[in-house]
Amino acid sequence: MKIVLVGAGSIQFGLGTLGDIFTSKALKGSEITLLDINIQSLDIVLQTTQAFIQAHDLPYTVNATIDRRSAFTGADFIISSIEVGNRFQMWDEDWKVPLQYGVHQVYGENGGPGGVFHSLRIGKVILDIVKDAMEICPDAWIFNYSNPMTAICTTVKRMYPQAKFVGMCHEIGWLGRWLPKMLGRAHEDLHYRAAGLNHFSCMISLTDRKTGENLYPEVLARADRFFEQEPGYSDLYDSYRRTGSLAAAEKFDKGETNLKSAYTWADRKLVQFMLKNYKLLPITTDSHFGEYLSWAWDVVDHRGILDFYDVYKVMLSQEVPHEIRLETSERVIPIIDGIITDAKSEEAAVNILNTGLIDDLPSWLVVEVPAMIDKNGITGIRMGQLPKGYLALLRSYAGVYDMTAEAIIHKSKEYAIQALLANPVVHQASSLEELVDRMISKQECWLGYLK
């Protein structure tokens with residue numbers, strides 16, 4: 001097998017994914033190619049990996065290159081996690097420039113105008129990556145970790161419908177932290193399924209694996225007491241300011257904590273609102289879920305969102321040890337293992353095309369659903385009819401993804417403006433063209449293709 005890591009110069013992604021690979025029995029003997037545009041960072045990861053393989057006598061070969069087409073030759077699996085440009089400078093602009101033009105977006109990474117600009121910036125680059133893959137290794141599975149997930153995956157599948165392109169996100173890992181403690185049950189005894197759009201998904205069902213008992217009523221009954229004291233990013237940031245230490249990482253498993261929050265419903269005022277008004281538990285926090293909702297500004301934990309952003313900047317900017325750990329931190333390698341070994345296992349969340357998986361959402365839209373993993377690949381589990389009120393929220397954002405994909409594919413500023421006009425978070429129209437022109441001028445290197 002040949003595995004290519006795109007963006008491998010990132011210490012967190014590169015060495016983290018290599019640790020996942022080295023725990024796999026099915027992938028023993030594989031060739032691993034590290035690909036990045038930063039040759040210095042790439043060399044650090046390569047040397048660290050070669051030393052680790054030698055020290056542990058592992059049956060893998062590893063090489064590195066900045067030549068994408070060479071890297072993709074003979075590839076069976078491509079795992080990609082990239083960002084473009086100065087990450088936080090442009091994220092600041094995605095968030096704050098629309099605020100200056102009167103758009104009350106609670107965050108700016110995936111939804112709202114900020115999410116549109118982020119998509120326009122990174123989507124074009126990822127289309128170029130997939131174009132090379134389709135020419136060189138068209139049968140390879142491509143796993144994407146970059147955000148904005150739904151916009152990227154929808155655009156890729158529209159341009160290259162034959163691509164085995166799957167979006168991976170670990171937000172559903174929050175349920176693994178919340179539910180066992182909330183219900184006083186072992187995680188392995190709980191079977192949950194969630195569905196929706198990436199970062200805009202709710203738990204649809206929860207049952208006892210042994211008895212089949214519906215446990216959702218227990219969640220609705222116990223959520224208030226649990227979330228009142230569940231720690232959030234404000235607690236994490238308070239601790240960082242006191243100690244100067246932030247022991248946090250982006251992983252599927254969110255870990256356990258016995259700490260009590262200094263805040264009420266920290267990061268989760270929208271979770272509270274959704275439980276009360278829709279009887280549904282979102283699988284993520286305010287900063288992500290709130291990006292898609294016109295009324296989120298009135299509901300969210302604003303302090304928690306600001307502290308989340310500051311924690312995220314520290315997390316991704318701090319010095320990371322150059323070490324590989326033999327542990328499974330994300331779900332992509334277990335999925336690859338499952339394809340190779342015909343595991344017939346259920347995966348909690350993947351982002352794939354809506355081929356009848358969720359009723360009344362467009363077939364061209366990528367949705368986040370559970371899936372079965374076997375020798376045939378990744379087959380989404382049909383979720384059918386979602387609760388009507390929740391479905392209405394999802395539908396209201398679908399048009400944004402439609403026009404964002406059109407803007408990227410056709411390099412159209414007009415379609416970019418129309419994506420903003422379709423956006424539920426946008427409440428004024430007169431300044432949108434000026435806003436788009438301002439963003440293009442600030443991010444000319446990445447958005448200058450829009451004409």
# chains A, B, ... in the order shown; residues from 1 in each chain; ligands from 1

$ select_by_dssp --residues "range 137-182 of chain A" --states "alpha helix (DSSP H)" --output "PyMOL selection string"
chain A and resi 149-159+173-182

$ residues_around --residues "Ile440 in chain A" --least-positions-apart "2" --cutoff "12 Å" --atoms "only C-alpha atoms" --output "VMD selection string"
chain A and resid 90 93 to 94 97 117 to 118 120 to 121 412 to 413 416 to 417 433 to 438 442 to 451

$ write_last_selection --atoms "N, CA and C atoms" --output "JSON list (two decimals), in the first residue's frame"
[["chain", "number", "residue", "atom", "x", "y", "z"],
["A", 90, "MET", "N", -5.66, 35.58, 8.16],
["A", 90, "MET", "CA", -6.83, 35.53, 7.27],
["A", 90, "MET", "C", -8.09, 35.11, 8.01],
["A", 93, "GLU", "N", -9.41, 38.19, 9.45],
["A", 93, "GLU", "CA", -10.09, 38.98, 8.42],
["A", 93, "GLU", "C", -11.44, 38.38, 8.07],
["A", 94, "ASP", "N", -11.51, 37.05, 7.96],
["A", 94, "ASP", "CA", -12.78, 36.38, 7.66],
["A", 94, "ASP", "C", -13.85, 36.73, 8.69],
["A", 97, "VAL", "N", -13.74, 41.51, 9.33],
["A", 97, "VAL", "CA", -14.12, 42.42, 8.25],
["A", 97, "VAL", "C", -15.64, 42.38, 8.01],
["A", 117, "PHE", "N", -15.72, 33.08, 2.57],
["A", 117, "PHE", "CA", -14.38, 33.52, 2.13],
["A", 117, "PHE", "C", -13.33, 32.44, 2.37],
["A", 118, "HIS", "N", -13.42, 31.77, 3.50],
["A", 118, "HIS", "CA", -12.50, 30.66, 3.78],
["A", 118, "HIS", "C", -12.64, 29.58, 2.70],
["A", 120, "LEU", "N", -13.80, 29.93, -0.40],
["A", 120, "LEU", "CA", -13.32, 30.43, -1.69],
["A", 120, "LEU", "C", -11.80, 30.37, -1.76],
["A", 121, "ARG", "N", -11.16, 30.59, -0.62],
["A", 121, "ARG", "CA", -9.70, 30.64, -0.57],
["A", 121, "ARG", "C", -9.09, 29.24, -0.69],
["A", 412, "SER", "N", -16.07, 32.99, -10.10],
["A", 412, "SER", "CA", -17.03, 34.07, -10.30],
["A", 412, "SER", "C", -17.25, 34.90, -9.04],
["A", 413, "LYS", "N", -16.92, 36.17, -9.11],
["A", 413, "LYS", "CA", -17.22, 37.09, -8.01],
["A", 413, "LYS", "C", -18.73, 37.27, -7.86],
["A", 416, "ALA", "N", -20.00, 34.55, -5.83],
["A", 416, "ALA", "CA", -19.58, 34.73, -4.44],
["A", 416, "ALA", "C", -20.52, 35.69, -3.72],
["A", 417, "ILE", "N", -20.89, 36.76, -4.38],
["A", 417, "ILE", "CA", -21.84, 37.71, -3.80],
["A", 417, "ILE", "C", -23.19, 37.03, -3.58],
["A", 433, "GLU", "N", -21.19, 43.85, -2.09],
["A", 433, "GLU", "CA", -20.19, 43.91, -3.16],
["A", 433, "GLU", "C", -18.93, 44.60, -2.67],
["A", 434, "GLU", "N", -19.10, 45.67, -1.89],
["A", 434, "GLU", "CA", -17.94, 46.35, -1.32],
["A", 434, "GLU", "C", -17.17, 45.43, -0.37],
["A", 435, "LEU", "N", -17.92, 44.63, 0.42],
["A", 435, "LEU", "CA", -17.29, 43.67, 1.32],
["A", 435, "LEU", "C", -16.46, 42.66, 0.55],
["A", 436, "VAL", "N", -17.04, 42.11, -0.53],
["A", 436, "VAL", "CA", -16.32, 41.12, -1.33],
["A", 436, "VAL", "C", -15.08, 41.75, -1.96],
["A", 437, "ASP", "N", -15.21, 42.96, -2.50],
["A", 437, "ASP", "CA", -14.04, 43.64, -3.09],
["A", 437, "ASP", "C", -12.95, 43.87, -2.04],
["A", 438, "ARG", "N", -13.38, 44.25, -0.84],
["A", 438, "ARG", "CA", -12.41, 44.47, 0.24],
["A", 438, "ARG", "C", -11.65, 43.18, 0.57],
["A", 442, "LYS", "N", -7.63, 42.31, 0.16],
["A", 442, "LYS", "CA", -6.81, 41.94, 1.32],
["A", 442, "LYS", "C", -6.18, 40.56, 1.12],
["A", 443, "GLN", "N", -6.87, 39.68, 0.38],
["A", 443, "GLN", "CA", -6.40, 38.31, 0.20],
["A", 443, "GLN", "C", -6.19, 38.02, -1.29],
["A", 444, "GLU", "N", -5.58, 38.97, -1.98],
["A", 444, "GLU", "CA", -5.41, 38.92, -3.43],
["A", 444, "GLU", "C", -4.76, 37.63, -3.89],
["A", 445, "CYS", "N", -3.77, 37.17, -3.14],
["A", 445, "CYS", "CA", -3.04, 35.96, -3.53],
["A", 445, "CYS", "C", -3.95, 34.76, -3.65],
["A", 446, "TRP", "N", -5.02, 34.73, -2.83],
["A", 446, "TRP", "CA", -5.88, 33.56, -2.77],
["A", 446, "TRP", "C", -7.26, 33.80, -3.38],
["A", 447, "LEU", "N", -7.73, 35.05, -3.38],
["A", 447, "LEU", "CA", -9.07, 35.34, -3.90],
["A", 447, "LEU", "C", -9.04, 36.12, -5.20],
["A", 448, "GLY", "N", -7.85, 36.46, -5.67],
["A", 448, "GLY", "CA", -7.74, 37.26, -6.89],
["A", 448, "GLY", "C", -8.27, 36.56, -8.13],
["A", 449, "TYR", "N", -8.49, 35.25, -8.05],
["A", 449, "TYR", "CA", -9.02, 34.51, -9.20],
["A", 449, "TYR", "C", -10.48, 34.82, -9.47],
["A", 450, "LEU", "N", -11.16, 35.41, -8.50],
["A", 450, "LEU", "CA", -12.59, 35.73, -8.65],
["A", 450, "LEU", "C", -12.74, 36.97, -9.52],
["A", 451, "LYS", "N", -13.43, 36.83, -10.65],
["A", 451, "LYS", "CA", -13.58, 37.94, -11.58],
["A", 451, "LYS", "C", -15.06, 38.22, -11.85]]

$ atom_distance --atom1 "CA of Gln318 in chain A" --atom2 "CA of Ser261 in chain A"
24.5 Å

$ closest_residue --among "A:Trp295, A:Trp95, A:Phe226, A:Phe77" --to "Ile142 in chain A" --atoms "only C-alpha atoms"
A:Phe77

$ closest_residue --among "A:Ser239, A:Gln229, A:Ser80, A:Ser245" --to "Glu319 in chain A" --atoms "only C-alpha atoms"
A:Ser245

$ closest_residue --among "A:Gly304, A:Gly173, A:Gly9, A:Gly380" --to "Ser345 in chain A" --atoms "only C-alpha atoms"
A:Gly380

$ select_by_dssp --residues "range 103-279 of chain A" --states "strand (DSSP E)" --output "ChimeraX atom specification"
/A:141-144,164-167,190-197,200-208

$ closest_residue --among "A:Met383, A:Ile37, A:Ile79, A:Val366" --to "Phe143 in chain A" --atoms "only C-alpha atoms"
A:Ile79

$ atom_distance --atom1 "CA of Thr48 in chain A" --atom2 "CA of Ser81 in chain A"
19.2 Å
